[in-house]
$ cat start13.txt   # compact mmCIF, C-alpha atoms and all ligand atoms
# COMPACT_ATOMS: atom_id res chain seq x y z
CA ASP A 349 113.10 39.43 129.75
CA SER A 350 114.79 40.48 132.99
CA ARG A 351 112.37 38.33 134.98
CA THR A 352 113.43 35.07 133.38
CA ALA A 353 117.07 36.09 133.47
CA MET A 354 116.96 36.37 137.24
CA SER A 355 118.48 33.71 139.40
CA GLY A 356 115.49 33.50 141.77
CA PRO A 357 112.63 31.00 141.51
CA LYS A 358 110.60 30.85 138.28
CA ILE A 359 107.11 31.51 139.59
CA CYS A 360 103.90 31.00 137.62
CA PHE A 361 100.74 32.54 139.10
CA VAL A 362 97.65 30.51 138.15
CA ILE A 363 94.40 32.47 138.34
CA GLY A 364 90.84 31.43 137.56
CA GLY A 365 87.37 31.37 139.08
CA PRO A 366 86.23 28.64 141.46
CA GLY A 367 86.03 25.37 139.55
CA SER A 368 87.65 26.79 136.42
CA GLY A 369 90.03 23.83 136.61
CA LYS A 370 93.21 25.43 137.89
CA GLY A 371 94.10 22.43 140.04
CA THR A 372 93.32 20.00 137.23
CA GLN A 373 95.58 21.76 134.72
CA CYS A 374 98.37 22.20 137.27
CA GLU A 375 98.39 18.46 137.92
CA MET A 376 98.68 17.83 134.18
CA LEU A 377 101.64 20.25 134.00
CA VAL A 378 103.29 18.42 136.90
CA ALA A 379 102.79 15.05 135.20
CA LYS A 380 104.22 16.17 131.85
CA TYR A 381 106.95 18.65 132.83
CA GLY A 382 107.80 17.81 136.46
CA VAL A 383 107.12 21.38 137.57
CA ALA A 384 106.46 22.13 141.25
CA HIS A 385 102.85 22.86 142.25
CA PHE A 386 101.42 24.55 145.33
CA SER A 387 97.72 25.28 145.67
CA SER A 388 96.84 28.01 148.13
CA GLY A 389 93.50 26.27 148.69
CA ASP A 390 95.19 22.92 149.44
CA LEU A 391 97.70 24.55 151.80
CA LEU A 392 94.81 26.25 153.62
CA ARG A 393 92.80 23.02 153.81
CA ALA A 394 95.87 21.25 155.25
CA GLU A 395 96.10 23.96 157.90
CA VAL A 396 92.39 23.41 158.70
CA ALA A 397 92.93 19.64 158.90
CA SER A 398 95.79 20.14 161.36
CA GLY A 399 93.13 21.25 163.90
CA SER A 400 95.04 24.39 164.90
CA ASP A 401 93.21 27.50 166.18
CA ARG A 402 94.30 29.28 163.02
CA GLY A 403 92.79 26.42 160.99
CA GLN A 404 89.36 26.82 162.62
CA GLN A 405 89.27 30.49 161.69
CA LEU A 406 90.22 29.65 158.11
CA SER A 407 87.50 27.03 157.76
CA ALA A 408 84.79 29.53 158.75
CA THR A 409 86.02 32.07 156.20
CA MET A 410 86.26 29.49 153.40
CA ALA A 411 82.73 28.21 154.13
CA GLU A 412 81.57 31.80 153.55
CA GLY A 413 83.25 31.87 150.13
CA LYS A 414 85.45 34.76 151.26
CA LEU A 415 89.19 35.28 151.03
CA VAL A 416 91.25 34.41 154.08
CA SER A 417 93.78 36.85 155.51
CA MET A 418 96.49 37.64 153.01
CA ASP A 419 99.30 37.28 155.52
CA VAL A 420 98.44 33.63 156.19
CA VAL A 421 98.36 32.73 152.49
CA ILE A 422 101.59 34.54 151.69
CA GLN A 423 103.36 32.95 154.64
CA LEU A 424 102.25 29.43 153.65
CA LEU A 425 103.31 30.01 150.03
CA LYS A 426 106.62 31.57 151.00
CA GLU A 427 107.55 28.51 153.05
CA ALA A 428 106.61 26.22 150.16
CA VAL A 429 108.49 28.30 147.54
CA ASP A 430 111.63 28.59 149.66
CA LYS A 431 111.76 24.84 150.25
CA SER A 432 111.12 23.98 146.61
CA PHE A 433 113.69 26.47 145.33
CA ALA A 434 116.32 25.21 147.79
CA GLU A 435 115.80 21.60 146.66
CA HIS A 436 115.15 22.11 142.92
CA PRO A 437 116.21 25.62 141.86
CA GLU A 438 115.59 24.86 138.16
CA LYS A 439 111.92 23.99 138.50
CA ILE A 440 109.06 26.25 137.48
CA ILE A 441 106.82 26.70 140.55
CA LEU A 442 103.06 26.89 139.92
CA LEU A 443 101.14 28.90 142.51
CA ASP A 444 97.61 27.64 141.96
CA GLY A 445 94.84 29.95 143.19
CA PHE A 446 97.17 32.85 143.83
CA PRO A 447 96.95 35.85 143.76
CA ARG A 448 93.24 36.36 144.55
CA GLU A 449 93.42 40.15 144.99
CA ILE A 450 95.71 42.93 143.73
CA GLU A 451 97.33 43.42 147.10
CA GLN A 452 98.38 39.73 147.22
CA ALA A 453 100.00 40.17 143.82
CA THR A 454 101.92 43.32 144.61
CA LYS A 455 102.97 42.18 148.06
CA PHE A 456 104.26 38.83 146.79
CA GLU A 457 106.17 40.43 143.90
CA GLU A 458 107.70 43.04 146.19
CA LYS A 459 108.59 40.86 149.15
CA ILE A 460 109.29 37.45 147.61
CA CYS A 461 109.96 37.67 143.89
CA PRO A 462 108.36 38.72 140.61
CA ALA A 463 106.26 36.18 138.72
CA THR A 464 107.80 34.92 135.49
CA TYR A 465 104.40 33.84 134.13
CA VAL A 466 100.82 34.87 134.93
CA LEU A 467 98.35 32.30 133.63
CA SER A 468 94.59 32.69 133.70
CA PHE A 469 91.76 30.27 132.96
CA ASP A 470 88.63 31.93 131.60
CA CYS A 471 85.37 30.16 132.28
CA SER A 472 81.67 31.08 132.42
CA ASN A 473 79.84 31.11 135.76
CA GLN A 474 77.50 28.40 134.48
CA THR A 475 80.34 26.00 133.62
CA MET A 476 82.13 26.66 136.92
CA THR A 477 78.92 26.09 138.89
CA ASP A 478 78.16 22.83 137.06
CA ARG A 479 81.68 21.50 137.70
CA LEU A 480 81.65 22.40 141.38
CA LEU A 481 78.21 20.89 141.95
CA SER A 482 79.44 17.73 140.31
CA ARG A 483 82.59 17.75 142.46
CA ALA A 484 80.38 18.33 145.54
CA LYS A 485 79.04 14.77 145.26
CA THR A 486 82.39 13.39 146.44
CA SER A 487 84.62 16.22 147.65
CA GLY A 488 83.27 16.73 151.18
CA ARG A 489 84.48 20.32 150.95
CA VAL A 490 82.75 22.92 153.13
CA ASP A 491 82.57 25.30 150.15
CA ASP A 492 81.17 22.94 147.48
CA ASN A 493 77.48 23.80 147.89
CA ILE A 494 75.30 26.12 145.84
CA GLU A 495 75.09 28.93 148.41
CA THR A 496 78.86 29.11 148.88
CA ILE A 497 79.52 28.68 145.16
CA LYS A 498 77.42 31.80 144.45
CA LYS A 499 79.43 33.73 147.02
CA ARG A 500 82.73 32.47 145.62
CA LEU A 501 81.73 33.68 142.16
CA VAL A 502 80.99 37.14 143.58
CA THR A 503 84.34 37.15 145.41
CA PHE A 504 86.05 36.27 142.14
CA GLU A 505 84.31 39.10 140.23
CA THR A 506 85.00 41.74 142.85
CA ALA A 507 88.42 40.78 144.26
CA THR A 508 90.17 38.64 141.64
CA ALA A 509 89.00 39.94 138.23
CA PRO A 510 90.91 43.22 138.85
CA VAL A 511 94.11 41.17 139.15
CA LEU A 512 93.54 39.94 135.60
CA ASP A 513 93.06 43.51 134.33
CA TYR A 514 96.19 44.57 136.15
CA TYR A 515 98.38 41.94 134.44
CA LYS A 516 96.62 42.30 131.11
CA ASN A 517 97.37 46.04 131.08
CA ALA A 518 100.96 45.25 131.99
CA GLY A 519 101.15 42.90 128.96
CA ARG A 520 102.02 39.96 131.18
CA LEU A 521 98.84 37.85 131.07
CA VAL A 522 98.58 34.47 129.33
CA SER A 523 94.84 33.79 129.03
CA VAL A 524 93.45 30.37 128.16
CA SER A 525 89.81 29.44 127.61
CA ALA A 526 88.77 26.84 130.19
CA GLU A 527 85.46 25.86 128.63
CA ASP A 528 86.79 22.90 126.63
CA ASP A 529 87.72 19.35 127.61
CA LYS A 530 90.79 18.93 129.83
CA GLN A 531 93.14 17.86 126.99
CA THR A 532 92.26 20.79 124.74
CA ILE A 533 92.74 23.25 127.60
CA PHE A 534 96.06 21.58 128.41
CA ALA A 535 97.31 21.90 124.83
CA ASN A 536 96.39 25.61 124.81
CA THR A 537 98.02 26.12 128.21
CA CYS A 538 101.32 24.57 127.10
CA LYS A 539 101.27 26.66 123.93
CA GLY A 540 100.47 29.83 125.90
CA LEU A 541 103.39 29.24 128.25
CA GLY A 542 105.74 28.34 125.41
CA LEU A 543 106.43 24.86 126.84
P1 LIG B 601 90.58 26.71 145.74
O1 LIG B 601 91.05 25.51 146.45
O2 LIG B 601 91.55 27.46 144.92
O3 LIG B 601 89.34 26.16 144.93
P2 LIG B 601 88.80 26.07 143.45
O4 LIG B 601 88.73 27.46 142.93
O5 LIG B 601 87.55 25.31 143.61
O6 LIG B 601 89.72 25.15 142.58
P3 LIG B 601 90.02 24.80 141.04
O7 LIG B 601 89.77 25.90 140.05
O8 LIG B 601 91.41 24.34 141.20
O9 LIG B 601 89.07 23.66 140.56
P4 LIG B 601 89.42 22.16 140.09
O10 LIG B 601 90.59 22.03 139.20
O11 LIG B 601 89.40 21.32 141.32
O12 LIG B 601 89.96 27.78 146.80
C1 LIG B 601 89.06 27.46 147.85
C2 LIG B 601 88.95 28.59 148.91
O13 LIG B 601 90.21 28.77 149.59
C3 LIG B 601 88.62 30.00 148.41
O14 LIG B 601 87.23 30.21 148.24
C4 LIG B 601 89.22 30.88 149.56
O15 LIG B 601 88.36 30.94 150.69
C5 LIG B 601 90.45 30.14 149.95
N1 LIG B 601 91.65 30.63 149.23
C6 LIG B 601 92.38 29.93 148.31
N2 LIG B 601 93.41 30.66 147.86
C7 LIG B 601 93.34 31.86 148.50
C8 LIG B 601 94.12 33.05 148.45
N3 LIG B 601 95.19 33.18 147.62
N4 LIG B 601 93.78 34.10 149.23
C9 LIG B 601 92.73 34.01 150.06
N5 LIG B 601 91.93 32.92 150.17
C10 LIG B 601 92.23 31.84 149.39
O16 LIG B 601 88.18 21.83 139.17
C11 LIG B 601 86.87 21.80 139.70
C12 LIG B 601 86.11 20.57 139.20
O17 LIG B 601 85.93 20.62 137.77
C13 LIG B 601 86.82 19.25 139.46
O18 LIG B 601 85.87 18.32 139.89
C14 LIG B 601 87.42 18.85 138.12
O19 LIG B 601 87.51 17.45 137.96
C15 LIG B 601 86.42 19.44 137.14
N6 LIG B 601 87.05 19.87 135.89
C16 LIG B 601 88.22 20.54 135.77
N7 LIG B 601 88.48 20.80 134.47
C17 LIG B 601 87.42 20.32 133.75
C18 LIG B 601 87.09 20.30 132.35
N8 LIG B 601 87.88 20.84 131.42
N9 LIG B 601 85.94 19.73 131.97
C19 LIG B 601 85.11 19.17 132.90
N10 LIG B 601 85.36 19.14 134.23
C20 LIG B 601 86.51 19.72 134.66
$ encode --input "start13.txt" --output "structure tokens"
Amino acid sequence: DSRTAMSGPKICFVIGGPGSGKGTQCEMLVAKYGVAHFSSGDLLRAEVASGSDRGQQLSATMAEGKLVSMDVVIQLLKEAVDKSFAEHPEKIILLDGFPREIEQATKFEEKICPATYVLSFDCSNQTMTDRLLSRAKTSGRVDDNIETIKKRLVTFETATAPVLDYYKNAGRLVSVSAEDDKQTIFANTCKGLGL
């Protein structure tokens, strides 16, 4: 595969609905394989926490369950990828929660580098809602409430599901069921990625 033969960073896009467990599985991959992991959601929440004007805008959009401006996300990820690749060029870099729409995917692959892997976690709306409501008890996140969860599910269906079709049609999608317990999902993820 020409993608893996390249000398650029080995990027893995990680796509899944809200609460499908992307972050959870990425942390397990970090613990076992020492891969690098950047969550677009975490980077955005850090920007919000910094108290910047840009952060305040982001918080309002996230509380609505909508996608923030693509340029901000791509810029934050580019900085993270560049730094990681400069320090540890051999590491696989997981981009957790990215891309969320086709344009994010094409722009990133054109301007930064092609993804070596595209991983998706498939989960029912009911399971995702249950997990997020359970996380809401302790997370303090502006988007972990039933109204915003419903909106996030709609955003996923309309904006992100087409990204899955796009990569599936291109024969590049590794799809894993995310309905099981964390260990079973992890075993299937490792197998799917050939790790
Ligand atoms: P994210 O931060 O990506 O939020 P998420 O979808 O809730 O995360 P995840 O799927 O990682 O769930 P987790 O592992 O924690 O996005 C938040 C917002 O940021 C978006 O709505 C958007 O506004 C913005 N945003 C982010 N990226 C963007 C982009 N690229 N472009 C534009 N806007 C963007 O798991 C959830 C819960 O389930 C946890 O409590 C976990 O413990 C539990 N869990 C996980 N796996 C389980 C399992 N197998 N069984 C039981 N429980 C499980």
$ closest_atom_pairs --input "start13.txt" --of "chain A" --to "ligand LIG 601 (chain B)" --cutoff "6 Å" --atoms "all atoms listed in the file" --output "Markdown table"
| residue | atom | partner | partner_atom | distance |
| --- | --- | --- | --- | --- |
| A:Gly365 | CA | B:LIG601 | O4 | 5.7 |
| A:Pro366 | CA | B:LIG601 | O4 | 3.1 |
| A:Gly367 | CA | B:LIG601 | O9 | 3.6 |
| A:Ser368 | CA | B:LIG601 | O7 | 4.3 |
| A:Gly369 | CA | B:LIG601 | O10 | 3.2 |
| A:Lys370 | CA | B:LIG601 | O8 | 3.9 |
| A:Gly371 | CA | B:LIG601 | O8 | 3.5 |
| A:Thr372 | CA | B:LIG601 | O10 | 3.9 |
| A:Ser388 | CA | B:LIG601 | N2 | 4.3 |
| A:Gly389 | CA | B:LIG601 | O1 | 3.4 |
| A:Asp390 | CA | B:LIG601 | O1 | 5.7 |
| A:Met410 | CA | B:LIG601 | O15 | 3.7 |
| A:Gly413 | CA | B:LIG601 | O14 | 4.7 |
| A:Lys414 | CA | B:LIG601 | O15 | 4.8 |
| A:Leu415 | CA | B:LIG601 | N5 | 3.7 |
| A:Val416 | CA | B:LIG601 | N5 | 4.2 |
| A:Met418 | CA | B:LIG601 | N4 | 5.8 |
| A:Val421 | CA | B:LIG601 | N4 | 5.8 |
| A:Gly445 | CA | B:LIG601 | O2 | 4.5 |
| A:Phe446 | CA | B:LIG601 | N3 | 4.3 |
| A:Pro447 | CA | B:LIG601 | N3 | 5.0 |
| A:Arg448 | CA | B:LIG601 | N3 | 4.8 |
| A:Arg479 | CA | B:LIG601 | O17 | 4.3 |
| A:Leu480 | CA | B:LIG601 | C12 | 5.3 |
| A:Arg483 | CA | B:LIG601 | O18 | 4.2 |
| A:Arg500 | CA | B:LIG601 | O14 | 5.7 |
| A:Asp528 | CA | B:LIG601 | N8 | 5.3 |
| A:Asp529 | CA | B:LIG601 | N8 | 4.1 |
| A:Lys530 | CA | B:LIG601 | N8 | 3.8 |
$ atom_distance --input "start13.txt" --atom1 "CA of Ala411 (chain A)" --atom2 "CA of Thr503 (chain A)"
12.6 Å
$ atom_distance --input "start13.txt" --atom1 "CA of Val524 (chain A)" --atom2 "CA of Glu457 (chain A)"
22.6 Å
$ closest_residue --input "start13.txt" --among "A:Cys374, A:Leu442, A:Ala384, A:Gly403" --to "Cys360 (chain A)" --atoms "all atoms listed in the file"
A:Leu442
$ closest_residue --input "start13.txt" --among "A:Ile359, A:Glu438, A:Leu543, A:Asn473" --to "Lys499 (chain A)" --atoms "only C-alpha atoms"
A:Asn473
$ residues_around --input "start13.txt" --residues "Val420 (chain A)" --least-positions-apart "4" --cutoff "10 Å" --atoms "only C-alpha atoms" --output "PyMOL selection string"
chain A and resi 388+392+402+406+416+424-426
$ write_last_selection --input "start13.txt" --atoms "C-alpha atoms" --output "PDB file, keeping the file's coordinate frame"
ATOM      1  CA  SER A 388      96.840  28.010 148.130  1.00  0.00           C
ATOM      2  CA  LEU A 392      94.810  26.250 153.620  1.00  0.00           C
ATOM      3  CA  ARG A 402      94.300  29.280 163.020  1.00  0.00           C
ATOM      4  CA  LEU A 406      90.220  29.650 158.110  1.00  0.00           C
ATOM      5  CA  VAL A 416      91.250  34.410 154.080  1.00  0.00           C
ATOM      6  CA  LEU A 424     102.250  29.430 153.650  1.00  0.00           C
ATOM      7  CA  LEU A 425     103.310  30.010 150.030  1.00  0.00           C
ATOM      8  CA  LYS A 426     106.620  31.570 151.000  1.00  0.00           C
TER       9      LYS A 426
END
$ closest_residue --input "start13.txt" --among "A:Glu527, A:Thr537, A:Pro357, A:Val511" --to "Lys439 (chain A)" --atoms "only C-alpha atoms"
A:Pro357
$ atom_distance --input "start13.txt" --atom1 "CA of Tyr515 (chain A)" --atom2 "CA of Asp444 (chain A)"
16.2 Å
$ closest_residue --input "start13.txt" --among "A:Met476, A:Lys539, A:Ile363, A:Lys498" --to "Leu521 (chain A)" --atoms "all atoms listed in the file"
A:Ile363
$ closest_residue --input "start13.txt" --among "A:Ala408, A:Met376, A:Leu467, A:Leu391" --to "Thr532 (chain A)" --atoms "all atoms listed in the file"
A:Met376
$ closest_residue --input "start13.txt" --among "A:Leu501, A:Ile422, A:Val362, A:Ala397" --to "Leu377 (chain A)" --atoms "only C-alpha atoms"
A:Val362
$ axis_aligned_box --input "start13.txt" --around "region 422-432 of chain A" --padding-each-side "5 Å" --output "JSON"
{"center_x": 106.7, "center_y": 29.3, "center_z": 150.6, "size_x": 20.2, "size_y": 20.6, "size_z": 18.0}
$ decode --input "start13.txt" --residues "region 367-425 of chain A" --atoms "C-alpha atoms" --output "PDB file, in the first residue's frame"
ATOM      1  CA  GLY A 367     -20.563   7.947  23.252  1.00  0.00           C
ATOM      2  CA  SER A 368     -19.688   5.049  20.943  1.00  0.00           C
ATOM      3  CA  GLY A 369     -16.497   4.716  22.984  1.00  0.00           C
ATOM      4  CA  LYS A 370     -13.890   6.176  20.658  1.00  0.00           C
ATOM      5  CA  GLY A 371     -11.957   7.800  23.489  1.00  0.00           C
ATOM      6  CA  THR A 372     -12.132   4.650  25.604  1.00  0.00           C
ATOM      7  CA  GLN A 373     -10.719   2.408  22.868  1.00  0.00           C
ATOM      8  CA  CYS A 374      -8.041   4.949  21.937  1.00  0.00           C
ATOM      9  CA  GLU A 375      -6.801   4.983  25.529  1.00  0.00           C
ATOM     10  CA  MET A 376      -6.587   1.190  25.476  1.00  0.00           C
ATOM     11  CA  LEU A 377      -4.552   1.342  22.239  1.00  0.00           C
ATOM     12  CA  VAL A 378      -2.215   3.878  23.852  1.00  0.00           C
ATOM     13  CA  ALA A 379      -1.751   1.667  26.917  1.00  0.00           C
ATOM     14  CA  LYS A 380      -0.986  -1.481  24.925  1.00  0.00           C
ATOM     15  CA  TYR A 381       0.892  -0.169  21.868  1.00  0.00           C
ATOM     16  CA  GLY A 382       2.215   3.261  22.908  1.00  0.00           C
ATOM     17  CA  VAL A 383       0.529   4.941  19.947  1.00  0.00           C
ATOM     18  CA  ALA A 384      -0.077   8.706  19.994  1.00  0.00           C
ATOM     19  CA  HIS A 385      -3.655   9.879  20.613  1.00  0.00           C
ATOM     20  CA  PHE A 386      -5.323  13.219  19.941  1.00  0.00           C
ATOM     21  CA  SER A 387      -9.034  13.736  20.489  1.00  0.00           C
ATOM     22  CA  SER A 388     -10.548  16.622  18.564  1.00  0.00           C
ATOM     23  CA  GLY A 389     -13.132  16.958  21.347  1.00  0.00           C
ATOM     24  CA  ASP A 390     -10.428  17.129  24.050  1.00  0.00           C
ATOM     25  CA  LEU A 391      -8.401  19.677  22.072  1.00  0.00           C
ATOM     26  CA  LEU A 392     -11.541  21.802  21.666  1.00  0.00           C
ATOM     27  CA  ARG A 393     -12.420  21.509  25.362  1.00  0.00           C
ATOM     28  CA  ALA A 394      -8.865  22.588  26.244  1.00  0.00           C
ATOM     29  CA  GLU A 395      -9.306  25.626  24.022  1.00  0.00           C
ATOM     30  CA  VAL A 396     -12.589  26.406  25.837  1.00  0.00           C
ATOM     31  CA  ALA A 397     -10.890  25.990  29.227  1.00  0.00           C
ATOM     32  CA  SER A 398      -8.168  28.445  28.198  1.00  0.00           C
ATOM     33  CA  GLY A 399     -10.856  31.176  28.388  1.00  0.00           C
ATOM     34  CA  SER A 400      -9.958  32.624  24.981  1.00  0.00           C
ATOM     35  CA  ASP A 401     -12.578  34.423  22.840  1.00  0.00           C
ATOM     36  CA  ARG A 402     -12.323  31.569  20.362  1.00  0.00           C
ATOM     37  CA  GLY A 403     -13.000  29.142  23.234  1.00  0.00           C
ATOM     38  CA  GLN A 404     -16.263  30.879  24.186  1.00  0.00           C
ATOM     39  CA  GLN A 405     -17.554  30.546  20.644  1.00  0.00           C
ATOM     40  CA  LEU A 406     -16.639  26.866  20.602  1.00  0.00           C
ATOM     41  CA  SER A 407     -18.426  26.147  23.875  1.00  0.00           C
ATOM     42  CA  ALA A 408     -21.706  27.581  22.553  1.00  0.00           C
ATOM     43  CA  THR A 409     -21.505  25.447  19.406  1.00  0.00           C
ATOM     44  CA  MET A 410     -20.668  22.270  21.341  1.00  0.00           C
ATOM     45  CA  ALA A 411     -23.559  22.848  23.774  1.00  0.00           C
ATOM     46  CA  GLU A 412     -25.827  22.876  20.697  1.00  0.00           C
ATOM     47  CA  GLY A 413     -24.499  19.477  19.594  1.00  0.00           C
ATOM     48  CA  LYS A 414     -23.236  21.016  16.350  1.00  0.00           C
ATOM     49  CA  LEU A 415     -19.876  20.801  14.634  1.00  0.00           C
ATOM     50  CA  VAL A 416     -17.441  23.631  15.231  1.00  0.00           C
ATOM     51  CA  SER A 417     -15.701  25.379  12.350  1.00  0.00           C
ATOM     52  CA  MET A 418     -13.555  22.993  10.374  1.00  0.00           C
ATOM     53  CA  ASP A 419     -10.610  25.354  10.186  1.00  0.00           C
ATOM     54  CA  VAL A 420     -10.238  25.449  13.970  1.00  0.00           C
ATOM     55  CA  VAL A 421     -10.282  21.649  14.301  1.00  0.00           C
ATOM     56  CA  ILE A 422      -7.844  21.085  11.456  1.00  0.00           C
ATOM     57  CA  GLN A 423      -5.471  23.715  12.804  1.00  0.00           C
ATOM     58  CA  LEU A 424      -5.485  22.191  16.307  1.00  0.00           C
ATOM     59  CA  LEU A 425      -4.913  18.693  14.909  1.00  0.00           C
TER      60      LEU A 425
END
